[in-house]
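Data from data25.cif: mmCIF, C-alpha atoms and all ligand atoms
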data_coords
#
loop_
_atom_site.label_atom_id
_atom_site.label_comp_id
_atom_site.auth_asym_id
_atom_site.auth_seq_id
_atom_site.Cartn_x
_atom_site.Cartn_y
_atom_site.Cartn_z
CA MET A 1 -4.57 -13.24 33.05
CA THR A 2 -3.84 -9.58 32.47
CA ALA A 3 -3.44 -8.78 28.81
CA LYS A 4 -0.40 -7.07 27.40
CA LYS A 5 -1.27 -3.60 26.14
CA ILE A 6 -0.56 -3.15 22.42
CA ASP A 7 0.71 0.41 22.57
CA GLY A 8 -0.26 1.96 19.24
CA ARG A 9 0.98 5.36 20.35
CA ALA A 10 4.54 4.09 20.93
CA MET A 11 4.50 1.98 17.75
CA ALA A 12 3.25 4.94 15.69
CA LYS A 13 6.10 7.05 17.08
CA GLU A 14 8.58 4.45 15.83
CA VAL A 15 7.03 4.51 12.33
CA ARG A 16 7.05 8.33 12.28
CA GLU A 17 10.71 8.42 13.32
CA GLU A 18 11.60 6.05 10.46
CA VAL A 19 9.68 8.24 8.00
CA LYS A 20 11.33 11.41 9.34
CA VAL A 21 14.81 9.92 8.86
CA SER A 22 14.01 8.80 5.28
CA VAL A 23 12.51 12.19 4.40
CA ALA A 24 15.63 13.96 5.72
CA LYS A 25 17.83 11.62 3.60
CA ARG A 26 15.84 12.46 0.47
CA ILE A 27 16.10 16.19 1.11
CA ALA A 28 19.85 15.88 1.81
CA ALA A 29 20.17 14.12 -1.57
CA GLY A 30 18.59 17.13 -3.30
CA LYS A 31 15.05 15.75 -3.66
CA PRO A 32 12.06 17.98 -2.96
CA LYS A 33 10.02 17.54 0.23
CA PRO A 34 7.33 14.86 -0.18
CA GLY A 35 3.95 16.58 -0.49
CA LEU A 36 0.49 15.51 0.68
CA ALA A 37 -2.64 17.21 -0.67
CA THR A 38 -5.93 16.88 1.19
CA VAL A 39 -9.30 17.47 -0.44
CA LEU A 40 -12.12 18.32 1.94
CA VAL A 41 -15.61 18.96 0.63
CA GLY A 42 -17.81 20.87 3.09
CA SER A 43 -17.12 21.65 6.73
CA ASP A 44 -17.75 18.47 8.71
CA PRO A 45 -16.10 19.29 12.11
CA ALA A 46 -14.59 15.80 12.56
CA SER A 47 -13.12 15.89 9.02
CA GLU A 48 -11.68 19.36 9.66
CA VAL A 49 -9.96 18.01 12.80
CA TYR A 50 -8.49 15.06 10.84
CA VAL A 51 -7.24 17.32 8.03
CA GLY A 52 -5.63 19.66 10.61
CA MET A 53 -3.89 16.70 12.30
CA LYS A 54 -2.50 15.49 8.96
CA LYS A 55 -1.16 18.97 8.17
CA ARG A 56 0.66 19.23 11.53
CA MET A 57 2.07 15.72 11.15
CA CYS A 58 3.45 16.57 7.69
CA GLU A 59 5.19 19.63 9.11
CA ASN A 60 6.70 17.58 11.96
CA LEU A 61 8.14 15.03 9.54
CA GLY A 62 9.56 17.56 7.08
CA MET A 63 6.89 17.13 4.41
CA ASN A 64 4.74 19.67 2.60
CA SER A 65 0.98 19.68 2.94
CA PHE A 66 -1.54 21.37 0.69
CA ALA A 67 -5.04 21.67 2.12
CA HIS A 68 -7.89 22.20 -0.37
CA THR A 69 -11.42 22.87 0.84
CA LEU A 70 -14.43 23.05 -1.48
CA GLU A 71 -17.93 24.24 -0.60
CA ALA A 72 -20.34 21.55 0.63
CA ASP A 73 -22.39 21.95 -2.59
CA ALA A 74 -19.36 21.58 -4.93
CA SER A 75 -20.28 19.71 -8.10
CA GLN A 76 -18.87 16.36 -9.21
CA GLU A 77 -17.03 18.19 -12.02
CA GLU A 78 -15.42 20.66 -9.59
CA VAL A 79 -14.13 17.90 -7.31
CA GLU A 80 -12.84 15.84 -10.24
CA ALA A 81 -11.19 18.95 -11.76
CA LEU A 82 -9.36 19.58 -8.46
CA VAL A 83 -8.21 15.94 -8.34
CA SER A 84 -6.95 16.20 -11.96
CA LYS A 85 -5.04 19.37 -11.11
CA LEU A 86 -3.39 17.64 -8.13
CA ASN A 87 -2.61 14.57 -10.28
CA ALA A 88 -0.64 16.87 -12.62
CA ASP A 89 1.16 18.80 -9.86
CA PRO A 90 4.71 17.44 -9.32
CA ALA A 91 4.86 18.99 -5.81
CA VAL A 92 1.97 16.72 -4.78
CA ASN A 93 3.02 13.11 -4.21
CA GLY A 94 -0.05 11.91 -2.37
CA ILE A 95 -3.74 12.86 -2.64
CA LEU A 96 -6.18 12.22 0.15
CA VAL A 97 -9.88 12.78 -0.47
CA GLN A 98 -11.41 13.12 2.98
CA LEU A 99 -14.35 10.71 3.39
CA PRO A 100 -17.27 10.71 3.80
CA LEU A 101 -18.12 12.95 0.86
CA PRO A 102 -21.50 14.73 0.70
CA ASP A 103 -24.26 12.43 -0.60
CA HIS A 104 -24.69 14.18 -3.97
CA LEU A 105 -21.14 13.22 -5.02
CA ASP A 106 -20.15 9.93 -6.67
CA GLU A 107 -17.44 8.72 -4.26
CA GLU A 108 -16.34 5.81 -6.45
CA LYS A 109 -15.77 8.03 -9.50
CA ILE A 110 -13.80 10.57 -7.46
CA LEU A 111 -11.57 7.91 -5.87
CA GLN A 112 -11.04 6.40 -9.31
CA ALA A 113 -9.91 9.80 -10.62
CA VAL A 114 -6.91 9.82 -8.26
CA ASP A 115 -3.66 8.88 -10.05
CA ILE A 116 -2.85 5.36 -8.83
CA THR A 117 0.73 6.39 -7.93
CA LYS A 118 -0.69 9.16 -5.70
CA ASP A 119 -3.39 6.99 -4.07
CA ILE A 120 -1.91 7.10 -0.57
CA ASP A 121 -5.24 6.07 1.00
CA GLY A 122 -5.18 2.89 -1.09
CA PHE A 123 -8.86 3.31 -2.03
CA HIS A 124 -8.42 3.33 -5.82
CA PRO A 125 -10.33 0.31 -7.25
CA ILE A 126 -7.12 -1.00 -8.86
CA ASN A 127 -5.24 -0.93 -5.56
CA ILE A 128 -8.13 -2.60 -3.69
CA GLY A 129 -8.56 -5.12 -6.53
CA ARG A 130 -4.89 -6.11 -6.37
CA LEU A 131 -5.21 -6.60 -2.61
CA ALA A 132 -7.91 -9.19 -3.32
CA GLN A 133 -5.87 -11.09 -5.91
CA LYS A 134 -3.33 -13.79 -5.33
CA GLY A 135 0.19 -12.95 -6.46
CA ARG A 136 -0.61 -9.24 -7.01
CA GLU A 137 0.50 -6.36 -4.84
CA SER A 138 -1.22 -3.00 -4.48
CA LEU A 139 0.95 0.11 -4.63
CA PHE A 140 -0.71 1.37 -1.44
CA VAL A 141 -2.69 -0.39 1.28
CA PRO A 142 -5.43 1.47 3.22
CA CYS A 143 -3.90 3.09 6.29
CA THR A 144 -6.14 1.86 9.12
CA PRO A 145 -6.01 -1.89 8.32
CA ASN A 146 -2.32 -1.65 7.41
CA GLY A 147 -1.74 0.04 10.77
CA CYS A 148 -3.51 -2.88 12.50
CA LEU A 149 -1.25 -5.32 10.64
CA VAL A 150 1.89 -3.44 11.67
CA MET A 151 0.66 -3.50 15.28
CA LEU A 152 0.21 -7.28 15.08
CA ASP A 153 3.68 -7.68 13.54
CA LYS A 154 5.35 -5.42 16.07
CA SER A 155 3.65 -7.46 18.83
CA GLY A 156 5.18 -10.65 17.42
CA VAL A 157 1.79 -12.25 16.61
CA ASP A 158 2.07 -15.28 14.33
CA LEU A 159 -0.57 -14.84 11.59
CA GLU A 160 0.21 -18.00 9.62
CA GLY A 161 -2.78 -20.34 9.98
CA ALA A 162 -4.24 -18.27 12.82
CA ASN A 163 -8.01 -18.11 13.17
CA ALA A 164 -8.77 -14.41 12.61
CA VAL A 165 -12.19 -12.81 12.96
CA VAL A 166 -12.83 -9.35 11.51
CA LEU A 167 -15.89 -7.57 12.87
CA GLY A 168 -17.07 -5.22 10.11
CA ARG A 169 -16.90 -5.28 6.29
CA SER A 170 -16.57 -1.60 5.36
CA ASN A 171 -14.55 -0.54 2.32
CA ILE A 172 -12.11 1.42 4.45
CA VAL A 173 -11.47 -0.95 7.36
CA GLY A 174 -13.15 -4.36 7.63
CA MET A 175 -12.86 -5.68 4.06
CA PRO A 176 -9.25 -4.58 3.36
CA MET A 177 -8.29 -5.85 6.84
CA ALA A 178 -9.69 -9.28 5.99
CA LEU A 179 -7.89 -9.29 2.62
CA LEU A 180 -4.59 -8.35 4.27
CA LEU A 181 -4.93 -11.14 6.82
CA VAL A 182 -5.72 -13.68 4.08
CA LYS A 183 -2.60 -12.51 2.19
CA ARG A 184 -0.64 -13.29 5.35
CA ASN A 185 -2.12 -16.82 5.46
CA ALA A 186 -4.55 -16.37 8.34
CA THR A 187 -7.91 -18.17 8.13
CA VAL A 188 -10.40 -15.32 8.16
CA THR A 189 -14.05 -14.97 9.11
CA ILE A 190 -15.76 -11.66 8.29
CA CYS A 191 -18.72 -10.66 10.48
CA HIS A 192 -21.30 -7.94 9.83
CA SER A 193 -24.74 -6.77 10.88
CA ARG A 194 -26.47 -9.92 9.55
CA THR A 195 -24.05 -12.40 11.15
CA LYS A 196 -25.72 -14.95 13.42
CA ASN A 197 -24.06 -16.08 16.67
CA LEU A 198 -21.61 -13.18 16.63
CA LYS A 199 -20.42 -13.76 20.19
CA GLU A 200 -19.74 -17.46 19.59
CA ILE A 201 -17.78 -16.76 16.38
CA CYS A 202 -15.67 -14.09 18.08
CA ALA A 203 -14.99 -16.42 21.01
CA GLU A 204 -13.21 -18.83 18.60
CA ALA A 205 -10.78 -16.19 17.33
CA ASP A 206 -7.04 -16.23 17.94
CA ILE A 207 -7.00 -12.71 16.51
CA LEU A 208 -10.05 -10.45 16.79
CA ILE A 209 -10.24 -7.14 14.92
CA ALA A 210 -13.19 -5.00 16.07
CA ALA A 211 -14.32 -2.43 13.48
CA VAL A 212 -18.09 -2.22 13.87
CA GLY A 213 -18.57 1.28 15.23
CA ARG A 214 -20.59 0.02 18.24
CA GLU A 215 -19.42 1.30 21.59
CA GLU A 216 -17.80 -1.46 23.69
CA ILE A 217 -19.77 -4.22 21.94
CA VAL A 218 -16.92 -6.74 22.46
CA LYS A 219 -17.20 -8.01 26.02
CA LYS A 220 -15.09 -10.40 28.07
CA ASP A 221 -17.17 -13.47 27.14
CA TRP A 222 -16.67 -12.70 23.38
CA VAL A 223 -12.94 -13.30 23.71
CA LYS A 224 -11.01 -16.56 23.77
CA PRO A 225 -8.47 -16.71 26.62
CA GLY A 226 -5.09 -15.57 25.32
CA ALA A 227 -6.49 -14.05 22.09
CA VAL A 228 -5.07 -10.87 20.52
CA VAL A 229 -7.65 -8.08 20.19
CA ILE A 230 -7.28 -4.94 18.07
CA ASP A 231 -9.83 -2.21 18.68
CA VAL A 232 -10.42 0.01 15.64
CA GLY A 233 -13.59 1.67 16.96
CA THR A 234 -13.55 5.26 18.15
CA HIS A 235 -16.45 6.81 20.02
CA ARG A 236 -16.86 10.12 21.74
CA ILE A 237 -19.27 9.76 24.66
CA ASP A 238 -20.73 12.86 26.33
CA ASP A 239 -20.05 12.82 30.07
CA GLU A 240 -20.41 15.94 32.20
CA THR A 241 -18.36 14.38 35.00
CA LYS A 242 -15.27 14.55 32.74
CA GLU A 243 -13.19 17.72 32.48
CA LYS A 244 -13.66 17.91 28.69
CA GLY A 245 -17.36 17.02 28.92
CA TYR A 246 -16.78 13.71 27.13
CA TYR A 247 -14.57 10.66 27.05
CA LEU A 248 -13.31 8.45 24.21
CA THR A 249 -13.76 4.72 23.97
CA GLY A 250 -13.71 1.96 21.35
CA ASP A 251 -15.61 -1.11 20.15
CA VAL A 252 -14.00 -3.19 22.92
CA ALA A 253 -14.75 -3.11 26.66
CA TYR A 254 -11.03 -2.70 27.34
CA GLU A 255 -10.87 -3.30 31.10
CA GLU A 256 -12.88 -6.52 31.20
CA VAL A 257 -11.46 -7.89 27.93
CA SER A 258 -7.97 -7.33 29.36
CA GLU A 259 -8.82 -9.94 32.02
CA VAL A 260 -8.98 -12.74 29.41
CA ALA A 261 -7.11 -11.65 26.28
CA GLY A 262 -3.38 -12.19 25.73
CA ALA A 263 -2.95 -8.71 24.26
CA VAL A 264 -5.31 -5.81 23.55
CA SER A 265 -4.87 -2.47 21.81
CA PRO A 266 -6.66 0.36 23.63
CA SER A 267 -8.84 2.99 22.01
CA PRO A 268 -7.82 5.77 22.25
CA GLY A 269 -4.07 5.15 22.03
CA GLY A 270 -4.06 2.27 19.56
CA VAL A 271 -5.12 2.21 15.93
CA GLY A 272 -5.80 5.99 15.69
CA PRO A 273 -2.18 7.20 15.94
CA MET A 274 -1.05 4.26 13.83
CA THR A 275 -3.43 5.24 10.99
CA ILE A 276 -1.87 8.70 10.64
CA ALA A 277 1.64 7.24 10.84
CA MET A 278 0.79 4.86 7.97
CA LEU A 279 -0.52 7.79 5.93
CA MET A 280 2.81 9.55 6.37
CA ARG A 281 4.62 6.36 5.38
CA ASN A 282 2.45 6.05 2.26
CA THR A 283 3.17 9.68 1.31
CA LEU A 284 6.91 9.02 1.55
CA ARG A 285 6.41 5.83 -0.50
CA ALA A 286 4.56 7.82 -3.17
CA ALA A 287 7.51 10.22 -3.44
CA GLU A 288 9.89 7.24 -3.68
CA ILE A 289 7.80 5.64 -6.46
CA GLN A 290 7.41 8.87 -8.48
CA ASP A 291 10.95 10.15 -7.98
CA PRO A 292 13.35 7.35 -6.97
CA MET A 293 16.72 8.27 -5.43
P1 LIG B 1 -18.92 1.42 8.96
O1 LIG B 1 -18.65 1.82 7.56
O2 LIG B 1 -20.12 1.94 9.67
O3 LIG B 1 -18.96 -0.19 8.99
C1 LIG B 1 -19.33 -0.88 10.14
C2 LIG B 1 -19.36 -2.36 9.86
O4 LIG B 1 -19.77 -3.03 11.06
C3 LIG B 1 -20.36 -2.75 8.77
O5 LIG B 1 -19.80 -3.77 7.99
C4 LIG B 1 -21.57 -3.25 9.56
O6 LIG B 1 -22.27 -4.30 8.91
C5 LIG B 1 -20.92 -3.82 10.80
N1 LIG B 1 -21.81 -3.74 11.97
C6 LIG B 1 -22.46 -2.65 12.43
N2 LIG B 1 -23.16 -2.97 13.54
C7 LIG B 1 -22.95 -4.28 13.76
C8 LIG B 1 -23.38 -5.19 14.78
N3 LIG B 1 -24.19 -4.82 15.77
N4 LIG B 1 -22.97 -6.46 14.71
C9 LIG B 1 -22.14 -6.86 13.71
N5 LIG B 1 -21.67 -6.04 12.74
C10 LIG B 1 -22.07 -4.77 12.77
O7 LIG B 1 -17.68 1.79 9.92
P2 LIG B 1 -16.11 1.90 9.60
O8 LIG B 1 -15.87 3.11 8.81
O9 LIG B 1 -15.58 0.59 9.14
O10 LIG B 1 -15.57 2.17 11.07
C11 LIG B 1 -15.75 1.26 12.15
C12 LIG B 1 -15.26 1.90 13.44
O11 LIG B 1 -13.87 2.19 13.30
C13 LIG B 1 -15.92 3.24 13.78
O12 LIG B 1 -16.01 3.36 15.19
C14 LIG B 1 -14.94 4.26 13.25
O13 LIG B 1 -15.02 5.50 13.95
C15 LIG B 1 -13.64 3.57 13.54
N6 LIG B 1 -12.53 3.98 12.64
C16 LIG B 1 -11.36 4.31 13.24
C17 LIG B 1 -10.28 4.67 12.48
C18 LIG B 1 -9.00 5.03 13.13
O14 LIG B 1 -8.10 5.54 12.48
N7 LIG B 1 -8.85 4.75 14.42
C19 LIG B 1 -10.38 4.70 11.08
C20 LIG B 1 -11.59 4.32 10.48
C21 LIG B 1 -12.66 3.96 11.29
P3 LIG B 1 -23.07 -4.10 7.51
O15 LIG B 1 -21.99 -4.11 6.45
O16 LIG B 1 -23.94 -5.29 7.44
O17 LIG B 1 -23.78 -2.80 7.61
#
Please render this file's structure as structure tokens.
Amino acid sequence: MTAKKIDGRAMAKEVREEVKVSVAKRIAAGKPKPGLATVLVGSDPASEVYVGMKKRMCENLGMNSFAHTLEADASQEEVEALVSKLNADPAVNGILVQLPLPDHLDEEKILQAVDITKDIDGFHPINIGRLAQKGRESLFVPCTPNGCLVMLDKSGVDLEGANAVVLGRSNIVGMPMALLLVKRNATVTICHSRTKNLKEICAEADILIAAVGREEIVKKDWVKPGAVVIDVGTHRIDDETKEKGYYLTGDVAYEEVSEVAGAVSPSPGGVGPMTIAMLMRNTLRAAEIQDPM
């Protein structure tokens, strides 16, 4: 069997087009451009790249972006004061605090300081708490797991009663992914660094979400024939034989897994572009919640 490729790049383009059309409609109706504010503490090169990508994406979709950078040694009070200022700014619909924050800062308190209607990352404890509760809906769902869900939906995967395995239990990917799948009536197993018989558990999955941050850990014999595999992992591997001096890969050994799976999302070209598209969709949603047409 050769697996179908779940093309996150193409799917993300569809989402972005929908957002662009809705943004243009709002502006034509006299509403201000939706605005996304990013808060970066310090100068982590990867975080700077992500913030730059978000800024360009906002411009492409007709939204405003406001980039705020604080020194790496900024105090808890300074970061919280900036968040409060952005909460009160009507031009800012969504606030994104770029993670990870430096160790001296209390991440939970800072995320909690974000106005829940501007929490486009979906990391506010109330939004995450609602995700975990039956019959409750969060205002915003974290972008990476929501992007995975949209990829499954766009691929026509039936989640109802499916045996789903999520590899990883982080606050930003694994745990919200598992909660989303439970909400959609999948039967979910969450695996982590202490899980025994990892390979055997994965090999039972109809749907396997890999978010462990271990380069190509998911091999062919970890995958049930016909299963759907979503690769969240992103790794930059130094390789002097490549033009750029490196190549990118994921948590899944894509080529060999493609021999047994029914469908696989590649990395790069899968969850990454979808994550940013979901962030743009959440920013538009924030504008719609705060200032309905
Ligand atoms: P993380 O916070 O490091 O969490 C990794 C999770 O995997 C933890 O729950 C950990 O278990 C588990 N784990 C680690 N090694 C394991 C092993 N050998 N066997 C089983 N479980 C293991 O990482 P993350 O932030 O969730 O990110 C995961 C990956 O996704 C990374 O490659 C990251 O770069 C990528 N990512 C991509 C996007 C995107 O937009 N494409 C967004 C976010 C993250 P414990 O809980 O027991 O430690």
Taking all atoms listed in the file and a cut-off of 8 Å, can you tell me which residues surround ligand LIG 1 (chain B), written as a ChimeraX atom specification? /A:143-144,167-174,191-195,198,210-215,217,232-235,250-251,267-268,270-276
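Counting all atoms listed in the file, the residue from A:Ile209, A:Val165, A:Glu259, A:Tyr247 that sits nearest to A:Val188 is A:Val165.
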Can you tell me which residues surround A:Val39 at a distance of at most 6 Å, considering all atoms listed in the file, apart from same-chain residues fewer than 6 positions away, and format the answer as an MDAnalysis selection string? chainID A and resid 68:69 97:98
Would you mind reading off the distance between atom CA of A:Glu240 and atom CA of A:Lys220, one decimal, in Å? 27.2 Å
Any idea what's packed within 9 Å of A:Ser22, counting all atoms listed in the file, ignoring anything in its chain fewer than 5 positions away? Could you give it as a list in words?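 After dropping sequence-adjacent residues, the list is Glu17, Ile27 and Leu284 of chain A.
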Just give me the residues with any atom within 10 Å of (3.0, -6.7, 18.2), file coordinates, counting only C-alpha atoms, written as a ChimeraX atom specification. /A:4-8,11,148-158,228,263-265
A:Ile201 surroundings by all atoms listed in the file, 12 Å radius, close-in-sequence under 5 positions cut, as a ChimeraX atom specification: /A:163-167,188-192,195-196,206-208,218,221-224
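With only C-alpha atoms as the atoms that count, the minimum distance from A:Leu180 to the choices A:Lys134, A:Lys199, A:Lys219, A:Lys33 is reached by A:Lys134.
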Extract, using all atoms listed in the file, all DNA, RNA and protein residues at most 12 Å from A:Ala88, discarding same-chain residues fewer than 3 positions from it, and format them as JSON, numbers by chain. {"A": [81, 82, 83, 84, 85, 91, 92, 93, 94, 95, 113, 114, 115, 117, 118]}
Show which residues sit within 6 Å of stretch 64-67 of chain A, as a ChimeraX atom specification. Count all atoms listed in the file, and ignore same-chain residues fewer than 6 positions away. /A:35-38,55
Residue nearest A:Pro102 among A:Asn197, A:Gln76, A:Thr241, A:Asn282 (counting all atoms listed in the file):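 Of all the options, A:Gln76 lies closest to A:Pro102.
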For A:Glu77, which residue among A:Cys202, A:Ile110, A:Met57, A:Ala162 is the nearest when counting only C-alpha atoms?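 Selected residue with least distance to A:Glu77: A:Ile110.
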Once 4 Å is added on each side, what centre and edge lengths in Å to one decimal does the axis-aligned box around all listed atoms of stretch 204-208 of chain A have, as JSON?
{"center_x": -10.1, "center_y": -14.6, "center_z": 17.6, "size_x": 14.2, "size_y": 16.4, "size_z": 10.1}
With only C-alpha atoms counted, which protein, DNA or RNA residues have an atom no more than 9 Å from (-4.1, 5.8, -4.1) in the file frame? Please answer as a VMD selection string. chain A and resid 94 to 96 111 to 112 114 to 127 139 to 142 286
Determine the nearest neighbour of A:Gly262 from the options A:Ala277, A:Leu61, A:Ala178, A:Ala3, counting all atoms listed in the file.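 So, comparing all the options, the nearest one is A:Ala3.
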